[in-house]
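Engineer: If you scroll down you'll find the structure; I have some questions about it.
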Amino acid sequence: MRLGFHASHEQIAPSQLLRDVEHAEQAGFDMAMCSDHYSPWSERQGHSGYAWAWLGAALARTSLELGCVSAPGVRYHPAVLAQKMATLSEMFPGRFWTALGSGEASNEHITGRRWPRKEERTARLEECVDIIRRLLDGEEVSHDGRVTVDRARLWEVPEVKPRLIGPAVSVESAGRVAAWADGLVTINQPVDVLQDLVSAYRDAGGRGSLAIQVHLSWAPTREEADAIALDQWRTNVFPEPVNWDTETARAFDTMGEHVGLDAVRQAVEVSDDLGWHRDRIAELAAVGFDDVYLHFVGQDQGPFLDAFGSEVLPALRD
């Protein structure tokens, strides 16, 4: 099991987040991943730097493996996304991966295009994955379908291709991404749900490693840990299709006014006890995950990185 740090662009300015990922490496984390948003989930979060510029700096300033979750098809044309992935992979061989999803309206509505229903978005994603793979293989690609590509070719084809990871939260999605993914990434959920999700991926022929991103809140007191989780993550608790289809941070904040701490605790692992966090992370990882990315949902990452680096990571490895 490898232990990673999640860098949340929606919550932290990119300059500080760069210092945070360096801090994470010094604290003993093995790797890192980041989000790729145009808009935060809440005006309280208040940030949303361009992930791809940050990734180049983070790969240069650390020796960590890094990846991001991104959505081809609207904000990013698949040929342009393939070029970005190929460039980072050429500069930093074997250290970069991308999880390709069908997107969220909060990031994609900015182009003014109609937001399609889920099945249409999924079909478009699968077209984009095929286009990206062919480009990374060095082909010249033309395509007319849900996206259009005209004689695109990558002139920097990396020797080590980036892994294309399938993000999935539902059992249905896990079974579907197994057809094309080099691995799976999901988020913390009840253990029985995670077991079904992993089984669906493997039963459908899913290959590669399994990763989980664990949202957590820790502080010296339970009251502080609760307050951090409620302030920063109460707009991130909405199930599908609300999280897919809501367009603005202001709208998420309006809905978040009606969210209480009990609902937040369903999405965030909250405790002031480092031993409790260690045991909970171990329980989730035991489902079969090779890589575990820890996302402290507060905006000040320093105390979390120091505490988990000294107390939790060594215990999990032991």
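So you can find residues: chains in the structure tokens are A, B, ... in the order shown, residues in each start at 1, and ligands are numbered from 1 in order.
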Write out as a PyMOL selection string which residues come within 7 Å of A:Ala32 when counting only C-alpha atoms, dropping same-chain ones fewer than 4 positions away.
Structural biologist: chain A and resi 4-6+64-67
Engineer: What does the file look like for those residues with N, CA and C atoms, as a PDB file, in the first residue's frame?
Structural biologist:
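Everything below was put into again26.pdb:
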```
ATOM      1  N   GLY A   4      -0.717   8.588  -0.301  1.00  0.00           N
ATOM      2  CA  GLY A   4      -0.563   9.813  -1.073  1.00  0.00           C
ATOM      3  C   GLY A   4      -1.289  10.987  -0.453  1.00  0.00           C
ATOM      4  N   PHE A   5      -0.961  12.161  -0.947  1.00  0.00           N
ATOM      5  CA  PHE A   5      -1.536  13.440  -0.523  1.00  0.00           C
ATOM      6  C   PHE A   5      -2.422  13.966  -1.640  1.00  0.00           C
ATOM      7  N   HIS A   6      -3.636  14.416  -1.281  1.00  0.00           N
ATOM      8  CA  HIS A   6      -4.512  15.031  -2.276  1.00  0.00           C
ATOM      9  C   HIS A   6      -4.411  16.548  -2.181  1.00  0.00           C
ATOM     10  N   LEU A  64       7.812  13.113  -6.453  1.00  0.00           N
ATOM     11  CA  LEU A  64       6.606  12.322  -6.294  1.00  0.00           C
ATOM     12  C   LEU A  64       5.996  11.948  -7.638  1.00  0.00           C
ATOM     13  N   GLU A  65       5.276  10.830  -7.664  1.00  0.00           N
ATOM     14  CA  GLU A  65       4.351  10.541  -8.747  1.00  0.00           C
ATOM     15  C   GLU A  65       3.110  11.400  -8.524  1.00  0.00           C
ATOM     16  N   LEU A  66       2.584  12.000  -9.592  1.00  0.00           N
ATOM     17  CA  LEU A  66       1.398  12.837  -9.472  1.00  0.00           C
ATOM     18  C   LEU A  66       0.375  12.468 -10.532  1.00  0.00           C
ATOM     19  N   GLY A  67      -0.879  12.735 -10.211  1.00  0.00           N
ATOM     20  CA  GLY A  67      -1.950  12.539 -11.170  1.00  0.00           C
ATOM     21  C   GLY A  67      -3.060  13.528 -10.927  1.00  0.00           C
TER      22      GLY A  67
END
```
Engineer: Under the rule of at most 9 Å, produce a per-residue listing of stretch 157-244 of chain A near stretch 119-132 of chain A: chain, number, name, the closest pair of atoms, and the distance in Å, as a tab-separated table, using only C-alpha atoms.
Structural biologist:
```
residue	atom	partner	partner_atom	distance
A:Leu164	CA	A:Val129	CA	8.2
A:Val177	CA	A:Glu126	CA	8.7
A:Trp180	CA	A:Val129	CA	7.8
```
Engineer: Which residue is closest to A:Glu247? Choose from A:His47, A:Arg114, A:Arg151, A:His277 and count only C-alpha atoms.
Structural biologist: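 That would be A:Arg114, the residue with the smallest distance to A:Glu247.
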Engineer: I need the residues of stretch 171-313 of chain A that end up classed as strand (DSSP E or B) by DSSP on the backbone, written out as a VMD selection string.
Structural biologist: chain A and resid 183 to 187 209 to 217 269 to 270 291 to 296
Engineer: Based on the selection just made, write N, CA and C atoms of those residues as a compact mmCIF listing (two decimals), in the first residue's frame.
Structural biologist:
```txt
# COMPACT_ATOMS: atom_id res chain seq x y z
N GLY A 183 -6.64 1.32 -14.48
CA GLY A 183 -6.76 1.25 -13.03
C GLY A 183 -8.01 1.98 -12.62
N LEU A 184 -8.35 1.92 -11.34
CA LEU A 184 -9.58 2.51 -10.82
C LEU A 184 -9.25 3.45 -9.67
N VAL A 185 -9.98 4.56 -9.58
CA VAL A 185 -9.89 5.43 -8.40
C VAL A 185 -11.30 5.76 -7.95
N THR A 186 -11.53 5.73 -6.63
CA THR A 186 -12.83 6.05 -6.06
C THR A 186 -12.62 6.87 -4.79
N ILE A 187 -13.70 7.08 -4.03
CA ILE A 187 -13.63 7.86 -2.79
C ILE A 187 -14.15 7.03 -1.64
N SER A 209 -3.99 -1.13 -10.90
CA SER A 209 -4.08 -0.90 -9.46
C SER A 209 -5.38 -0.21 -9.10
N LEU A 210 -5.75 -0.32 -7.82
CA LEU A 210 -6.95 0.30 -7.27
C LEU A 210 -6.53 1.40 -6.29
N ALA A 211 -7.16 2.56 -6.42
CA ALA A 211 -6.83 3.70 -5.56
C ALA A 211 -8.10 4.25 -4.92
N ILE A 212 -7.95 4.79 -3.72
CA ILE A 212 -9.06 5.43 -3.03
C ILE A 212 -8.60 6.76 -2.47
N GLN A 213 -9.44 7.78 -2.64
CA GLN A 213 -9.20 9.09 -2.04
C GLN A 213 -10.09 9.19 -0.80
N VAL A 214 -9.47 9.44 0.35
CA VAL A 214 -10.18 9.48 1.62
C VAL A 214 -10.29 10.93 2.09
N HIS A 215 -11.53 11.45 2.12
CA HIS A 215 -11.77 12.78 2.67
C HIS A 215 -11.79 12.66 4.20
N LEU A 216 -11.00 13.50 4.86
CA LEU A 216 -10.94 13.41 6.31
C LEU A 216 -10.78 14.79 6.94
N SER A 217 -11.16 14.87 8.20
CA SER A 217 -10.96 16.10 8.98
C SER A 217 -10.38 15.71 10.33
N GLU A 269 -14.39 11.51 6.95
CA GLU A 269 -13.98 10.77 8.15
C GLU A 269 -13.48 11.80 9.17
N VAL A 270 -14.24 12.01 10.25
CA VAL A 270 -13.98 13.10 11.20
C VAL A 270 -13.60 12.55 12.56
N ASP A 291 -3.36 2.00 -3.52
CA ASP A 291 -2.96 3.39 -3.27
C ASP A 291 -4.06 4.10 -2.50
N VAL A 292 -3.67 4.82 -1.45
CA VAL A 292 -4.61 5.57 -0.62
C VAL A 292 -4.15 7.02 -0.59
N TYR A 293 -5.02 7.92 -1.08
CA TYR A 293 -4.73 9.35 -1.08
C TYR A 293 -5.53 10.01 0.03
N LEU A 294 -4.85 10.71 0.92
CA LEU A 294 -5.50 11.36 2.05
C LEU A 294 -5.79 12.81 1.72
N HIS A 295 -7.05 13.20 1.85
CA HIS A 295 -7.46 14.58 1.60
C HIS A 295 -7.98 15.18 2.89
N PHE A 296 -7.14 15.97 3.54
CA PHE A 296 -7.59 16.76 4.69
C PHE A 296 -8.40 17.93 4.14
```
Engineer: So that I can check the surroundings of A:Phe304, please list as a PDB file with N, CA and C atoms, in the first residue's frame every protein, DNA and RNA residue that reaches within 8 Å of it, counting only C-alpha atoms and ignoring chain neighbours fewer than 4 positions away.
Structural biologist:
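Writing done, so here's part_11.pdb:
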```
ATOM      1  N   TRP A 218      -9.244  16.327  10.645  1.00  0.00           N
ATOM      2  CA  TRP A 218      -8.575  16.084  11.920  1.00  0.00           C
ATOM      3  C   TRP A 218      -8.179  17.428  12.526  1.00  0.00           C
ATOM      4  N   ALA A 219      -8.241  17.529  13.826  1.00  0.00           N
ATOM      5  CA  ALA A 219      -7.780  18.697  14.565  1.00  0.00           C
ATOM      6  C   ALA A 219      -7.514  18.248  16.002  1.00  0.00           C
ATOM      7  N   PHE A 296      -7.142  15.973   3.539  1.00  0.00           N
ATOM      8  CA  PHE A 296      -7.591  16.761   4.687  1.00  0.00           C
ATOM      9  C   PHE A 296      -8.397  17.928   4.144  1.00  0.00           C
ATOM     10  N   ASP A 300      -5.654  24.801   5.900  1.00  0.00           N
ATOM     11  CA  ASP A 300      -4.299  24.866   6.440  1.00  0.00           C
ATOM     12  C   ASP A 300      -3.767  23.446   6.540  1.00  0.00           C
ATOM     13  N   PHE A 308       0.115  13.558  10.595  1.00  0.00           N
ATOM     14  CA  PHE A 308      -0.054  12.285   9.909  1.00  0.00           C
ATOM     15  C   PHE A 308       1.292  11.732   9.442  1.00  0.00           C
TER      16      PHE A 308
END
```
Engineer: Counting only C-alpha atoms, which of A:Thr221, A:Asp226, A:Phe289, A:Glu257 gets nearest to A:Leu274?
Structural biologist: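 Residue with the minimum atom-to-atom distance to A:Leu274: A:Thr221.
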Engineer: Given the choices A:Pro314, A:Pro158, A:Pro303, A:Gly166, which gets closest to A:Gly94 if the distance is worked out from only C-alpha atoms?
Structural biologist: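 Going through A:Pro314, A:Pro158, A:Pro303, A:Gly166 one by one, the smallest distance to A:Gly94 is for A:Pro158.
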Engineer: In Å, rounded to a single decimal, give me how far atom CA of A:Thr246 is from atom CA of A:Gln301.
Structural biologist: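 Taking atom CA of A:Gln301 as the start and atom CA of A:Thr246 as the end point, the length is 27.9 Å.
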Engineer: Would you mind telling me which residue in A:His37, A:Arg146, A:Arg153, A:Lys161 lies nearest to A:Ala105 when using only C-alpha atoms?
Structural biologist: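 Once distances to A:Ala105 are computed over only C-alpha atoms, the minimum belongs to A:His37.
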Engineer: Which polymer residues have any atom within 7 Å of an atom of stretch 136-145 of chain A, counting only C-alpha atoms, with same-chain residues fewer than 2 positions away left out, as a ChimeraX atom specification?
Structural biologist: /A:82,86,132-134,147-154,157,161
Engineer: How would the residues just chosen look if you wrote them out with N, CA and C atoms as an mmCIF file, in the first residue's frame?
Structural biologist:
```cif
data_model
loop_
_atom_site.group_PDB
_atom_site.id
_atom_site.type_symbol
_atom_site.label_atom_id
_atom_site.label_comp_id
_atom_site.auth_asym_id
_atom_site.auth_seq_id
_atom_site.Cartn_x
_atom_site.Cartn_y
_atom_site.Cartn_z
ATOM 1 N N ALA A 82 -4.632 15.370 -24.646
ATOM 2 C CA ALA A 82 -3.590 14.387 -24.938
ATOM 3 C C ALA A 82 -2.219 15.045 -25.043
ATOM 4 N N ALA A 86 0.907 14.141 -22.718
ATOM 5 C CA ALA A 86 2.134 13.663 -23.349
ATOM 6 C C ALA A 86 3.331 14.516 -22.953
ATOM 7 N N ILE A 132 -7.641 9.806 -27.276
ATOM 8 C CA ILE A 132 -6.424 10.098 -26.506
ATOM 9 C C ILE A 132 -5.443 8.934 -26.595
ATOM 10 N N ARG A 133 -5.936 7.707 -26.464
ATOM 11 C CA ARG A 133 -5.034 6.543 -26.555
ATOM 12 C C ARG A 133 -4.358 6.478 -27.919
ATOM 13 N N ARG A 134 -5.108 6.712 -28.968
ATOM 14 C CA ARG A 134 -4.527 6.643 -30.309
ATOM 15 C C ARG A 134 -3.478 7.730 -30.513
ATOM 16 N N VAL A 147 -17.428 14.301 -30.552
ATOM 17 C CA VAL A 147 -16.376 15.310 -30.691
ATOM 18 C C VAL A 147 -15.784 15.166 -32.087
ATOM 19 N N THR A 148 -15.166 16.235 -32.566
ATOM 20 C CA THR A 148 -14.567 16.224 -33.903
ATOM 21 C C THR A 148 -13.067 16.449 -33.783
ATOM 22 N N VAL A 149 -12.311 15.630 -34.495
ATOM 23 C CA VAL A 149 -10.855 15.759 -34.536
ATOM 24 C C VAL A 149 -10.425 15.738 -35.997
ATOM 25 N N ASP A 150 -9.588 16.677 -36.379
ATOM 26 C CA ASP A 150 -9.148 16.770 -37.768
ATOM 27 C C ASP A 150 -7.635 16.609 -37.859
ATOM 28 N N ARG A 151 -7.190 15.446 -38.265
ATOM 29 C CA ARG A 151 -5.774 15.171 -38.554
ATOM 30 C C ARG A 151 -4.852 15.624 -37.421
ATOM 31 N N ALA A 152 -5.199 15.238 -36.212
ATOM 32 C CA ALA A 152 -4.368 15.572 -35.056
ATOM 33 C C ALA A 152 -3.254 14.550 -34.896
ATOM 34 N N ARG A 153 -2.105 15.054 -34.507
ATOM 35 C CA ARG A 153 -0.964 14.183 -34.255
ATOM 36 C C ARG A 153 -0.111 14.801 -33.159
ATOM 37 N N LEU A 154 0.350 13.996 -32.233
ATOM 38 C CA LEU A 154 1.270 14.473 -31.205
ATOM 39 C C LEU A 154 2.703 14.390 -31.736
ATOM 40 N N VAL A 157 5.677 12.325 -28.472
ATOM 41 C CA VAL A 157 5.060 11.094 -27.981
ATOM 42 C C VAL A 157 5.954 10.525 -26.884
ATOM 43 N N LYS A 161 4.041 5.961 -21.533
ATOM 44 C CA LYS A 161 2.717 6.571 -21.661
ATOM 45 C C LYS A 161 2.079 6.746 -20.286
#
```
